[in-house]
file run.cif (mmCIF, C-alpha atoms)
data_run
#
loop_
_atom_site.label_atom_id
_atom_site.label_comp_id
_atom_site.auth_asym_id
_atom_site.auth_seq_id
_atom_site.Cartn_x
_atom_site.Cartn_y
_atom_site.Cartn_z
CA MET U 173 178.44 105.23 76.93
CA ARG U 174 177.50 102.56 79.48
CA TYR U 175 180.42 103.58 81.66
CA ALA U 176 179.41 107.20 81.39
CA LEU U 177 175.84 106.41 82.55
CA THR U 178 177.08 104.33 85.45
CA LEU U 179 179.41 107.10 86.45
CA LEU U 180 176.56 109.61 86.24
CA ALA U 181 174.28 107.38 88.34
CA LEU U 182 177.05 106.94 90.88
CA PHE U 183 177.59 110.67 90.92
CA PHE U 184 173.91 111.41 91.56
CA ALA U 185 173.66 108.73 94.20
CA ASN U 186 176.73 110.13 95.85
CA ALA U 187 175.33 113.66 95.78
CA ALA U 188 172.05 112.45 97.21
CA MET U 189 173.84 110.61 99.99
CA ALA U 190 175.86 113.72 100.73
CA GLN U 191 172.63 115.68 101.19
CA GLY U 192 171.39 113.21 103.75
CA TRP U 193 168.99 111.12 101.67
CA GLY U 194 170.59 107.95 102.92
CA ASN U 195 169.49 108.73 106.42
CA VAL U 196 165.77 108.95 105.61
CA ALA U 197 163.76 106.64 107.86
CA LYS U 198 166.82 105.91 109.97
CA LYS U 199 166.33 106.75 113.62
CA GLU U 200 168.20 109.88 114.61
CA GLU U 201 170.91 109.39 117.18
CA GLU U 202 170.19 110.68 120.69
CA THR U 203 172.06 113.95 120.95
CA GLY U 204 171.87 114.24 124.71
CA PHE U 205 169.65 116.09 127.14
CA SER U 206 166.98 118.52 125.91
CA TRP U 207 164.70 120.61 128.09
CA THR U 208 161.88 120.37 125.61
CA ALA U 209 161.98 116.70 124.58
CA PRO U 210 159.49 114.26 126.10
CA LEU U 211 160.71 113.09 129.47
CA TRP U 212 159.01 109.69 129.68
CA PRO U 213 157.61 109.01 126.17
CA SER U 214 155.55 105.96 127.13
CA PHE U 215 153.88 107.61 130.14
CA TRP U 216 150.54 109.41 129.75
CA MET U 217 151.07 112.85 131.33
CA ALA U 218 153.30 114.21 128.53
CA TRP U 219 156.00 115.51 130.86
CA THR U 220 158.95 117.49 129.57
CA PRO U 221 161.94 118.47 131.71
CA ALA U 222 160.88 122.13 131.43
CA THR U 223 157.36 121.63 132.81
CA PHE U 224 158.69 119.19 135.39
CA ALA U 225 161.12 121.84 136.61
CA LEU U 226 158.26 124.38 136.75
CA PHE U 227 156.23 122.18 139.08
CA CYS U 228 159.29 121.29 141.15
CA GLY U 229 159.77 125.04 141.61
CA ILE U 230 156.15 125.66 142.64
CA PHE U 231 155.97 122.70 145.04
CA GLY U 232 159.43 123.54 146.36
CA ALA U 233 158.31 127.11 147.11
CA ILE U 234 155.17 125.84 148.87
CA ALA U 235 157.26 123.38 150.87
CA VAL U 236 159.78 126.04 151.90
CA ILE U 237 156.99 128.41 152.97
CA GLY U 238 155.25 125.54 154.78
CA VAL U 239 158.37 124.60 156.71
CA LEU U 240 159.06 128.26 157.55
CA GLU U 241 155.48 128.80 158.77
CA GLY U 242 155.48 125.49 160.62
CA PHE U 243 158.71 125.80 162.53
CA LYS U 244 160.40 129.18 162.25
CA TYR U 245 157.59 131.77 162.12
CA ARG U 246 154.52 130.26 163.76
CA ASP U 247 152.17 133.05 162.74
CA GLY U 248 153.59 133.28 159.21
CA ILE U 249 154.72 136.87 159.96
CA GLU U 250 151.15 138.07 159.69
CA ARG U 251 150.88 141.79 158.99
CA ARG U 252 148.87 144.45 157.22
CA GLY U 253 150.62 145.49 154.04
CA ILE U 254 150.27 148.51 151.78
CA LEU U 255 147.28 146.98 149.95
CA GLY U 256 145.35 146.95 153.23
CA LEU U 257 145.32 143.15 153.32
CA THR U 258 146.32 141.03 156.28
CA THR U 259 148.67 138.46 154.80
CA THR U 260 150.87 135.61 155.97
CA LEU U 261 153.89 134.20 154.12
CA GLY U 262 151.66 131.71 152.27
CA ASP U 263 149.27 134.46 151.14
CA ARG U 264 152.21 136.46 149.83
CA LEU U 265 153.46 133.45 147.87
CA PHE U 266 149.99 132.97 146.38
CA ILE U 267 149.72 136.64 145.41
CA SER U 268 153.16 136.68 143.83
CA LEU U 269 152.52 133.47 141.83
CA LEU U 270 149.10 134.63 140.62
CA GLY U 271 150.50 138.04 139.74
CA THR U 272 153.37 136.40 137.86
CA ALA U 273 150.92 134.35 135.78
CA TYR U 274 149.07 137.54 134.84
CA ILE U 275 152.26 139.46 134.03
CA PHE U 276 153.33 136.71 131.61
CA LEU U 277 149.86 136.35 130.06
CA ALA U 278 149.53 140.10 129.60
CA TRP U 279 152.95 140.32 127.96
CA LEU U 280 152.20 137.37 125.67
CA GLY U 281 148.89 138.89 124.63
CA LEU U 282 150.02 142.48 124.19
CA VAL U 283 153.68 142.23 123.13
CA GLY U 284 154.63 138.62 122.41
CA GLN U 285 157.78 136.58 122.82
CA PRO U 286 160.58 136.63 124.02
CA LEU U 287 159.71 136.92 127.68
CA TRP U 288 162.81 138.36 129.37
CA TRP U 289 161.11 141.62 130.33
CA PRO U 290 158.12 140.00 132.07
CA LEU U 291 160.56 137.65 133.83
CA GLY U 292 162.29 140.68 135.32
CA LEU U 293 158.92 142.29 136.14
CA SER U 294 157.77 139.09 137.84
CA ILE U 295 160.87 138.87 140.00
CA ALA U 296 160.37 142.51 140.97
CA TRP U 297 156.68 141.79 141.72
CA GLY U 298 157.67 138.80 143.89
CA ILE U 299 160.14 140.87 145.88
CA PHE U 300 157.53 143.63 146.26
CA CYS U 301 154.93 141.07 147.48
CA PHE U 302 157.20 139.57 150.11
CA ARG U 303 158.43 142.93 151.41
CA LYS U 304 155.44 145.25 151.22
CA VAL U 305 152.13 143.42 150.70
CA MET G 269 155.93 125.69 173.77
CA LYS G 270 153.97 123.21 171.71
CA THR G 271 150.26 123.37 172.37
CA GLU G 272 148.73 122.11 169.15
CA ASN G 273 148.18 118.47 168.37
CA GLN G 274 149.90 117.78 165.07
CA ARG G 275 148.12 114.44 164.63
CA ALA G 276 145.18 116.30 163.10
CA TRP G 277 147.17 116.43 159.87
CA PHE G 278 146.68 112.70 159.38
CA PHE G 279 142.93 113.22 159.18
CA VAL G 280 143.45 115.68 156.33
CA LEU G 281 145.63 113.25 154.41
CA PRO G 282 142.83 111.31 152.63
CA VAL G 283 141.33 114.58 151.34
CA LEU G 284 144.75 115.66 150.16
CA LEU G 285 145.20 112.41 148.24
CA LEU G 286 141.74 112.76 146.71
CA VAL G 287 142.45 116.34 145.62
CA ALA G 288 145.79 115.20 144.20
CA PHE G 289 144.06 112.63 142.03
CA ASN G 290 141.04 114.59 140.84
CA ALA G 291 142.54 118.08 140.57
CA LEU G 292 146.30 118.30 140.82
CA ILE G 293 147.34 115.53 138.43
CA PRO G 294 144.84 116.55 135.72
CA ILE G 295 145.91 120.20 135.92
CA MET G 296 149.59 119.24 135.69
CA THR G 297 148.73 117.23 132.59
CA VAL G 298 146.92 120.26 131.16
CA VAL G 299 150.02 122.40 131.77
CA ASN G 300 152.11 119.80 129.92
CA TYR G 301 149.66 119.73 127.02
CA SER G 302 149.56 123.53 126.79
CA VAL G 303 153.19 123.81 125.66
CA GLN G 304 153.13 120.92 123.17
CA GLU G 305 151.42 119.79 119.99
CA THR G 306 150.02 116.31 119.52
CA PHE G 307 148.36 114.37 116.74
CA GLY G 308 147.38 111.53 119.04
CA ASN G 309 149.12 108.26 119.86
CA ASN G 310 150.77 109.86 122.91
CA VAL G 311 153.38 111.54 120.69
CA PHE G 312 154.14 115.16 121.59
CA PHE G 313 156.14 117.96 119.97
CA TRP G 314 157.39 121.02 121.84
CA GLN G 315 155.53 124.20 120.94
CA GLY G 316 156.61 126.63 123.65
CA LEU G 317 154.16 129.37 124.56
CA ASP G 318 152.74 129.76 121.04
CA TRP G 319 149.32 128.42 121.99
CA PHE G 320 148.96 131.01 124.75
CA GLU G 321 149.89 133.78 122.34
CA GLN G 322 147.45 132.44 119.76
CA ILE G 323 144.55 132.12 122.22
CA LEU G 324 145.16 135.50 123.87
CA ARG G 325 145.04 137.20 120.46
CA SER G 326 142.15 135.26 118.93
CA ASP G 327 138.87 137.06 118.34
CA ARG G 328 137.00 133.84 118.98
CA PHE G 329 138.37 133.67 122.54
CA HIS G 330 137.65 137.34 123.18
CA ALA G 331 134.07 136.90 122.02
CA ALA G 332 133.49 133.81 124.15
CA LEU G 333 135.05 135.53 127.17
CA GLY G 334 132.83 138.58 126.61
CA ARG G 335 129.72 136.38 126.41
CA GLN G 336 130.81 134.57 129.56
CA PHE G 337 131.22 137.79 131.55
CA MET G 338 127.89 139.08 130.24
CA PHE G 339 126.14 135.86 131.28
CA THR G 340 127.70 135.81 134.75
CA GLY G 341 127.11 139.54 135.28
CA LEU G 342 123.46 139.32 134.23
CA ILE G 343 122.58 136.30 136.35
CA LEU G 344 124.36 137.79 139.40
CA ALA G 345 122.56 141.11 138.90
CA ILE G 346 119.22 139.28 138.78
CA GLU G 347 119.65 136.40 141.21
CA ILE G 348 121.21 138.21 144.18
CA PRO G 349 118.58 141.00 144.55
CA LEU G 350 115.74 138.64 143.61
CA GLY G 351 116.92 136.06 146.14
CA ILE G 352 117.07 138.69 148.89
CA ILE G 353 113.57 139.97 148.03
CA VAL G 354 112.10 136.44 148.05
CA ALA G 355 113.85 135.61 151.33
CA LEU G 356 112.52 138.84 152.91
CA SER G 357 108.96 138.02 151.89
CA MET G 358 109.04 134.44 153.17
CA PRO G 359 107.28 133.74 156.50
CA ARG G 360 109.53 133.35 159.56
CA LYS G 361 107.31 130.94 161.49
CA GLY G 362 104.23 128.82 161.14
CA PHE G 363 102.84 126.24 158.74
CA TRP G 364 104.10 127.86 155.54
CA VAL G 365 107.81 127.81 156.46
CA PRO G 366 108.50 124.16 155.50
CA VAL G 367 106.24 124.47 152.43
CA CYS G 368 108.22 127.49 151.19
CA LEU G 369 111.59 125.91 151.97
CA VAL G 370 110.83 122.64 150.17
CA THR G 371 109.33 124.45 147.18
CA MET G 372 112.45 126.60 147.00
CA ALA G 373 114.76 123.59 147.19
CA LEU G 374 113.02 121.69 144.38
CA PRO G 375 114.75 123.28 141.34
CA MET G 376 118.15 122.61 142.88
CA LEU G 377 117.40 118.89 143.13
CA ILE G 378 117.08 118.56 139.36
CA PRO G 379 120.26 117.51 137.47
CA TRP G 380 121.73 120.06 135.05
CA ASN G 381 121.12 118.10 131.86
CA VAL G 382 117.51 117.47 132.89
CA VAL G 383 117.05 121.20 133.47
CA GLY G 384 118.42 121.82 129.97
CA SER G 385 116.08 119.31 128.31
CA MET G 386 113.09 120.52 130.36
CA TRP G 387 113.60 124.09 129.24
CA ASN G 388 114.29 122.98 125.70
CA ILE G 389 110.94 121.19 125.49
CA PHE G 390 109.24 124.00 127.40
CA THR G 391 110.43 126.76 125.07
CA LEU G 392 110.40 125.15 121.61
CA PRO G 393 108.29 127.45 119.39
CA LYS G 394 105.67 125.03 118.12
CA ILE G 395 105.44 122.23 120.65
CA GLY G 396 106.66 123.87 123.89
CA LEU G 397 104.14 125.35 126.30
CA LEU G 398 105.99 128.66 126.69
CA GLY G 399 106.95 128.79 123.01
CA TYR G 400 103.37 128.19 121.90
CA PHE G 401 102.00 130.68 124.43
CA MET G 402 104.43 133.42 123.38
CA ASN G 403 104.00 132.95 119.64
CA ASP G 404 100.40 131.94 119.18
CA VAL G 405 98.61 133.48 122.17
CA LEU G 406 100.59 136.64 122.90
CA GLY G 407 101.79 137.09 119.33
CA VAL G 408 105.39 137.75 120.41
CA ASN G 409 107.94 136.50 117.91
CA TYR G 410 109.95 134.17 120.15
CA ASP G 411 112.16 131.37 118.89
CA MET G 412 115.23 130.45 120.90
CA THR G 413 116.50 128.14 118.16
CA GLN G 414 116.70 131.00 115.62
CA GLN G 415 117.01 134.35 117.41
CA PRO G 416 120.07 135.17 119.56
CA ILE G 417 118.06 137.51 121.82
CA SER G 418 115.45 134.82 122.54
CA ALA G 419 118.19 132.27 123.20
CA TRP G 420 119.88 134.65 125.66
CA VAL G 421 116.61 135.44 127.44
CA THR G 422 115.94 131.71 127.73
CA ILE G 423 119.31 130.72 129.18
CA ILE G 424 119.19 133.64 131.66
CA ILE G 425 115.65 132.75 132.81
CA MET G 426 116.63 129.09 133.02
CA ASP G 427 119.60 129.87 135.26
CA VAL G 428 117.52 132.25 137.39
CA TRP G 429 114.88 129.54 137.77
CA HIS G 430 117.47 126.93 138.67
CA TRP G 431 119.71 128.84 141.07
CA THR G 432 117.88 131.78 142.67
CA SER G 433 116.73 129.26 145.30
CA LEU G 434 120.31 128.94 146.51
CA VAL G 435 120.51 132.68 147.19
CA VAL G 436 117.04 132.58 148.79
CA LEU G 437 117.91 129.73 151.15
CA LEU G 438 121.23 131.28 152.17
CA SER G 439 119.69 134.73 152.72
CA TYR G 440 116.80 133.16 154.64
CA ALA G 441 119.27 131.38 156.93
CA GLY G 442 120.95 134.74 157.56
CA LEU G 443 117.59 136.46 158.23
CA VAL G 444 116.23 133.95 160.76
CA SER G 445 119.43 134.22 162.79
CA ILE G 446 118.70 137.88 163.65
CA PRO G 447 117.36 138.13 167.22
CA ASP G 448 114.00 139.85 167.76
CA ALA G 449 115.67 142.42 170.01
CA TYR G 450 117.15 144.15 166.94
CA TYR G 451 113.70 144.61 165.37
CA GLN G 452 112.22 145.83 168.66
CA ALA G 453 115.00 148.40 169.01
CA ALA G 454 114.38 149.55 165.45
CA LYS G 455 110.66 149.85 166.15
CA ILE G 456 111.30 152.00 169.24
CA ASP G 457 113.57 154.26 167.20
CA GLY G 458 110.89 154.50 164.52
CA ALA G 459 113.12 153.16 161.76
CA SER G 460 111.63 152.84 158.29
CA PRO G 461 111.54 149.40 156.59
CA TRP G 462 114.39 150.51 154.30
CA LYS G 463 116.55 151.50 157.28
CA VAL G 464 115.78 148.18 159.01
CA PHE G 465 116.94 146.41 155.84
CA ARG G 466 119.99 148.59 155.32
CA TYR G 467 121.33 148.67 158.89
CA ILE G 468 120.06 145.41 160.45
CA GLN G 469 119.19 142.77 157.88
CA LEU G 470 121.83 143.44 155.22
CA PRO G 471 124.83 143.51 157.61
CA LYS G 472 123.59 140.30 159.23
CA MET G 473 123.25 138.62 155.83
CA LYS G 474 126.69 139.72 154.68
CA THR G 475 128.54 136.48 155.36
CA VAL G 476 125.99 134.24 153.69
CA LEU G 477 125.68 136.66 150.77
CA THR G 478 129.46 136.49 150.33
CA ILE G 479 129.18 132.73 150.00
CA ALA G 480 126.17 133.08 147.69
CA VAL G 481 127.96 135.49 145.34
CA LEU G 482 131.10 133.33 145.31
CA LEU G 483 129.21 130.11 144.61
CA ARG G 484 127.02 131.69 141.94
CA PHE G 485 130.03 133.35 140.30
CA MET G 486 132.07 130.15 140.10
CA ASP G 487 129.12 127.98 139.05
CA SER G 488 127.91 130.37 136.37
CA PHE G 489 131.40 131.12 135.10
CA ASN G 490 132.04 127.39 134.65
CA ILE G 491 128.53 126.59 133.38
CA TYR G 492 128.41 124.05 130.59
CA THR G 493 125.60 121.50 130.64
CA GLU G 494 122.48 123.65 130.78
CA PRO G 495 123.16 125.99 127.84
CA PHE G 496 124.75 123.15 125.90
CA VAL G 497 121.64 120.98 126.20
CA LEU G 498 119.30 123.94 125.64
CA THR G 499 120.86 125.74 122.68
CA GLY G 500 124.07 123.82 121.91
CA GLY G 501 125.85 127.19 121.81
CA GLY G 502 123.65 128.53 119.05
CA PRO G 503 122.02 130.05 117.11
CA GLY G 504 125.36 130.57 115.36
CA ASN G 505 127.82 131.20 118.18
CA SER G 506 125.58 133.53 120.15
CA THR G 507 125.35 131.43 123.32
CA THR G 508 128.74 129.71 123.00
CA LEU G 509 130.05 130.39 126.49
CA LEU G 510 133.69 129.83 127.42
CA SER G 511 133.31 126.22 128.52
CA ILE G 512 131.30 125.27 125.44
CA ASP G 513 133.95 126.82 123.19
CA LEU G 514 136.65 125.00 125.15
CA VAL G 515 134.99 121.63 124.61
CA LYS G 516 134.54 122.44 120.91
CA ILE G 517 138.29 123.10 120.57
CA ALA G 518 139.41 120.18 122.73
CA LEU G 519 137.03 117.42 121.65
CA GLY G 520 135.47 118.74 118.46
CA GLN G 521 138.66 119.83 116.71
CA PHE G 522 140.98 117.73 118.90
CA ASP G 523 143.33 120.71 119.30
CA LEU G 524 144.57 119.64 122.69
CA GLY G 525 147.38 122.22 122.89
CA PRO G 526 145.30 125.37 122.29
CA ALA G 527 142.49 123.92 124.43
CA ALA G 528 144.93 123.34 127.29
CA ALA G 529 146.29 126.89 126.99
CA MET G 530 142.72 128.24 126.93
CA SER G 531 141.70 126.24 129.99
CA LEU G 532 144.71 127.56 131.92
CA ILE G 533 143.76 131.15 131.05
CA TYR G 534 140.17 130.31 132.03
CA PHE G 535 141.43 128.86 135.33
CA ALA G 536 143.56 131.95 136.03
CA ILE G 537 140.52 134.22 135.54
CA THR G 538 138.30 132.11 137.83
CA LEU G 539 141.06 131.97 140.44
CA LEU G 540 141.68 135.73 140.39
CA VAL G 541 138.03 136.77 140.54
CA SER G 542 137.21 134.28 143.30
CA TRP G 543 140.23 135.40 145.30
CA LEU G 544 139.30 139.08 144.81
CA PHE G 545 135.68 138.48 145.89
CA TYR G 546 136.75 136.51 148.92
CA THR G 547 139.48 138.94 149.98
CA LEU G 548 137.37 142.07 149.53
CA MET G 549 134.35 140.62 151.28
CA THR G 550 136.23 139.22 154.26
CA LYS G 551 138.54 142.22 154.58
CA ASP G 552 136.40 144.04 157.14
CA ASP G 553 136.06 140.97 159.35
CA ALA G 554 139.80 140.66 159.74
CA GLN G 555 140.18 144.14 161.20
#
call {"tool": "encode", "arguments": {"input": "run.cif", "output": "structure tokens"}}
result
Amino acid sequence: MRYALTLLALFFANAAMAQGWGNVAKKEEETGFSWTAPLWPSFWMAWTPATFALFCGIFGAIAVIGVLEGFKYRDGIERRGILGLTTTLGDRLFISLLGTAYIFLAWLGLVGQPLWWPLGLSIAWGIFCFRKV
Amino acid sequence: MKTENQRAWFFVLPVLLLVAFNALIPIMTVVNYSVQETFGNNVFFWQGLDWFEQILRSDRFHAALGRQFMFTGLILAIEIPLGIIVALSMPRKGFWVPVCLVTMALPMLIPWNVVGSMWNIFTLPKIGLLGYFMNDVLGVNYDMTQQPISAWVTIIIMDVWHWTSLVVLLSYAGLVSIPDAYYQAAKIDGASPWKVFRYIQLPKMKTVLTIAVLLRFMDSFNIYTEPFVLTGGGPGNSTTLLSIDLVKIALGQFDLGPAAAMSLIYFAITLLVSWLFYTLMTKDDAQ
């Protein structure tokens, strides 16, 4: 009887271990890079690679436009577009970014995730802004 | 050919650094917060865009946004015409000019929270001068701590009292810059006072009025202190404007994620409306 109980206990312990109970409170191994994990956990701004990339994109776009307006096109290719506004390259970047924010917000509010359609719409809006506005 | 002096950029650098510290870094932090969930201790969990979806679909946000637009619309509809009328009736020269100008500037010198407390004490039903006068002398049932309508009337009057002066001073500056020759020409043509206003004074005031509308829009859309001190957002939620609701979510409930998402939506609205105002009102000048 004693042997049977020991065997049973061993069996249950084994089953529990197999289901992962032995790993409770053990630190999970790093599984590599994740876009959504905290980037610098001890720093205060709560960066993640995804949001970091977003700001790199925005500042990169501003920098590219700035360099273009500063050296290549001195007047920023100022013109009157189809909205009746006189815009430079920087204005067009601002309009496309602001419009993109509204496209995504509107889609999130009215339809929901995922956001592949508004991504396409935003790219189309950006192209439209830089060519026609 | 290089004609401009590029060294001017170095003079802008300190401002750029200042803006980076007091605007750019906080807003980047807000963007980071808006896609994550936290329970404090600087530990964050990825949430994606759920907070945005939740805020955009919440009735509470829609109601606060509606109240905010109503507040801003009402005070603009009152303050801009009233400011123009007061500026038109102010003297252009003589002893009374400095008296009028200083009197006009006085409300703007008072800090926001003091304005809120002043109006609170002034309008309380039993002990306030206005509250007592309305209830016990005129017999009007007026209690801004209990009735939403009274609370709304009070915050609107308070804002009109505090900020119409800004519109008055800006319009007055526009009016005194009109040369006498314009008025003489109008007199010779036999123009009516309305036509003088419509075709001489209003066009000359356009630039300053643009600035007045922009400043009053942004200030009133971001207003927090005065209604918070006066009514605390009540009675119920009736005067909970967008910023008051935001602070309730962020600091009252400590829901940093939804609050961050809400403040980004708030920011996008302010940015778009300000840009629209500015673009539409300066469009004619560019041509």
call {"tool": "closest_residue", "arguments": {"input": "run.cif", "among": "U:Trp212, U:Phe243, U:Trp279, U:Tyr274", "to": "Trp297 of chain U", "atoms": "all atoms listed in the file"}}
result
U:Tyr274
call {"tool": "interface_residues", "arguments": {"input": "run.cif", "of": "chain U", "to": "chain G", "cutoff": "6 Å", "atoms": "all atoms listed in the file", "output": "ChimeraX atom specification"}}
result
/U:208,217-219,280-281
call {"tool": "closest_residue", "arguments": {"input": "run.cif", "among": "G:Trp431, G:Phe545, G:Phe339, G:Trp387", "to": "Leu482 of chain G", "atoms": "only C-alpha atoms"}}
result
G:Phe545
call {"tool": "axis_aligned_box", "arguments": {"input": "run.cif", "around": "segment 434-453 of chain G", "padding_each_side": "5 Å", "output": "AutoDock Vina command-line options"}}
result
--center_x 116.7 --center_y 138.7 --center_z 158.3 --size_x 19.0 --size_y 29.5 --size_z 33.5
call {"tool": "resolve_selection", "arguments": {"input": "run.cif", "expression": "the PyMOL selection byres ((chain G and resi 450) around 12)", "output": "number ranges by chain"}}
result
G: 443-449, 451-457, 459, 464-465, 467-469, 472
call {"tool": "atom_distance", "arguments": {"input": "run.cif", "atom1": "atom CA of Arg328 of chain G", "atom2": "atom CA of Leu392 of chain G"}}
result
28.1 Å
call {"tool": "atom_distance", "arguments": {"input": "run.cif", "atom1": "atom CA of Met473 of chain G", "atom2": "atom CA of Ile352 of chain G"}}
result
9.3 Å
call {"tool": "resolve_selection", "arguments": {"input": "run.cif", "expression": "the PyMOL selection byres ((chain G and resi 516) around 12)", "output": "list in words"}}
result
Arg328, Phe329, Ala332, Tyr492, Phe496, Gly500, Gly501, Asn505, Thr508, Leu509, Leu510, Ser511, Ile512, Asp513, Leu514, Val515, Ile517, Ala518, Leu519, Gly520, Gln521, Phe522, Asp523, Leu524, Pro526, Ala527 and Met530 of chain G
call {"tool": "write_last_selection", "arguments": {"input": "run.cif", "atoms": "C-alpha atoms", "output": "PDB file, keeping the file's coordinate frame"}}
result
ATOM      1  CA  ARG G 328     137.000 133.840 118.980  1.00  0.00           C
ATOM      2  CA  PHE G 329     138.370 133.670 122.540  1.00  0.00           C
ATOM      3  CA  ALA G 332     133.490 133.810 124.150  1.00  0.00           C
ATOM      4  CA  TYR G 492     128.410 124.050 130.590  1.00  0.00           C
ATOM      5  CA  PHE G 496     124.750 123.150 125.900  1.00  0.00           C
ATOM      6  CA  GLY G 500     124.070 123.820 121.910  1.00  0.00           C
ATOM      7  CA  GLY G 501     125.850 127.190 121.810  1.00  0.00           C
ATOM      8  CA  ASN G 505     127.820 131.200 118.180  1.00  0.00           C
ATOM      9  CA  THR G 508     128.740 129.710 123.000  1.00  0.00           C
ATOM     10  CA  LEU G 509     130.050 130.390 126.490  1.00  0.00           C
ATOM     11  CA  LEU G 510     133.690 129.830 127.420  1.00  0.00           C
ATOM     12  CA  SER G 511     133.310 126.220 128.520  1.00  0.00           C
ATOM     13  CA  ILE G 512     131.300 125.270 125.440  1.00  0.00           C
ATOM     14  CA  ASP G 513     133.950 126.820 123.190  1.00  0.00           C
ATOM     15  CA  LEU G 514     136.650 125.000 125.150  1.00  0.00           C
ATOM     16  CA  VAL G 515     134.990 121.630 124.610  1.00  0.00           C
ATOM     17  CA  ILE G 517     138.290 123.100 120.570  1.00  0.00           C
ATOM     18  CA  ALA G 518     139.410 120.180 122.730  1.00  0.00           C
ATOM     19  CA  LEU G 519     137.030 117.420 121.650  1.00  0.00           C
ATOM     20  CA  GLY G 520     135.470 118.740 118.460  1.00  0.00           C
ATOM     21  CA  GLN G 521     138.660 119.830 116.710  1.00  0.00           C
ATOM     22  CA  PHE G 522     140.980 117.730 118.900  1.00  0.00           C
ATOM     23  CA  ASP G 523     143.330 120.710 119.300  1.00  0.00           C
ATOM     24  CA  LEU G 524     144.570 119.640 122.690  1.00  0.00           C
ATOM     25  CA  PRO G 526     145.300 125.370 122.290  1.00  0.00           C
ATOM     26  CA  ALA G 527     142.490 123.920 124.430  1.00  0.00           C
ATOM     27  CA  MET G 530     142.720 128.240 126.930  1.00  0.00           C
TER      28      MET G 530
END
call {"tool": "atom_distance", "arguments": {"input": "run.cif", "atom1": "atom CA of Val239 of chain U", "atom2": "atom CA of Ile295 of chain G"}}
result
24.6 Å
call {"tool": "resolve_selection", "arguments": {"input": "run.cif", "expression": "the PyMOL selection byres ((chain U and resi 237) around 10)", "output": "ChimeraX atom specification"}}
result
/U:231-236,238-242,244-245,248,260-265
call {"tool": "closest_residue", "arguments": {"input": "run.cif", "among": "G:Leu285, G:Ile343, G:Met412, G:Ile348", "to": "Ser506 of chain G", "atoms": "all atoms listed in the file"}}
result
G:Met412
call {"tool": "residues_around", "arguments": {"input": "run.cif", "residues": "Leu291 of chain U", "least_positions_apart": "2", "cutoff": "12 Å", "atoms": "all atoms listed in the file", "output": "compact mmCIF listing (two decimals) with C-alpha atoms, keeping the file's coordinate frame"}}
result
# COMPACT_ATOMS: atom_id res chain seq x y z
CA GLY U 271 150.50 138.04 139.74
CA THR U 272 153.37 136.40 137.86
CA ALA U 273 150.92 134.35 135.78
CA TYR U 274 149.07 137.54 134.84
CA ILE U 275 152.26 139.46 134.03
CA PHE U 276 153.33 136.71 131.61
CA LEU U 277 149.86 136.35 130.06
CA TRP U 279 152.95 140.32 127.96
CA LEU U 280 152.20 137.37 125.67
CA GLN U 285 157.78 136.58 122.82
CA PRO U 286 160.58 136.63 124.02
CA LEU U 287 159.71 136.92 127.68
CA TRP U 288 162.81 138.36 129.37
CA TRP U 289 161.11 141.62 130.33
CA LEU U 293 158.92 142.29 136.14
CA SER U 294 157.77 139.09 137.84
CA ILE U 295 160.87 138.87 140.00
CA ALA U 296 160.37 142.51 140.97
CA TRP U 297 156.68 141.79 141.72
CA GLY U 298 157.67 138.80 143.89
call {"tool": "residues_around", "arguments": {"input": "run.cif", "residues": "segment 380-383 of chain G", "least_positions_apart": "2", "cutoff": "7 Å", "atoms": "only C-alpha atoms", "output": "PyMOL selection string"}}
result
chain G and resi 378+385-387+493-494+497
call {"tool": "write_last_selection", "arguments": {"input": "run.cif", "atoms": "C-alpha atoms", "output": "mmCIF file, in the frame of the given file"}}
result
data_model
loop_
_atom_site.group_PDB
_atom_site.id
_atom_site.type_symbol
_atom_site.label_atom_id
_atom_site.label_comp_id
_atom_site.auth_asym_id
_atom_site.auth_seq_id
_atom_site.Cartn_x
_atom_site.Cartn_y
_atom_site.Cartn_z
ATOM 1 C CA ILE G 378 117.080 118.560 139.360
ATOM 2 C CA SER G 385 116.080 119.310 128.310
ATOM 3 C CA MET G 386 113.090 120.520 130.360
ATOM 4 C CA TRP G 387 113.600 124.090 129.240
ATOM 5 C CA THR G 493 125.600 121.500 130.640
ATOM 6 C CA GLU G 494 122.480 123.650 130.780
ATOM 7 C CA VAL G 497 121.640 120.980 126.200
#
call {"tool": "closest_residue", "arguments": {"input": "run.cif", "among": "G:Ser460, G:Asn490, G:Ser439, G:Ser357", "to": "Val476 of chain G", "atoms": "all atoms listed in the file"}}
result
G:Ser439
call {"tool": "residues_around", "arguments": {"input": "run.cif", "residues": "Val421 of chain G", "least_positions_apart": "4", "cutoff": "10 Å", "atoms": "only C-alpha atoms", "output": "VMD selection string"}}
result
chain G and resid 410 412 416 to 417 425 to 426
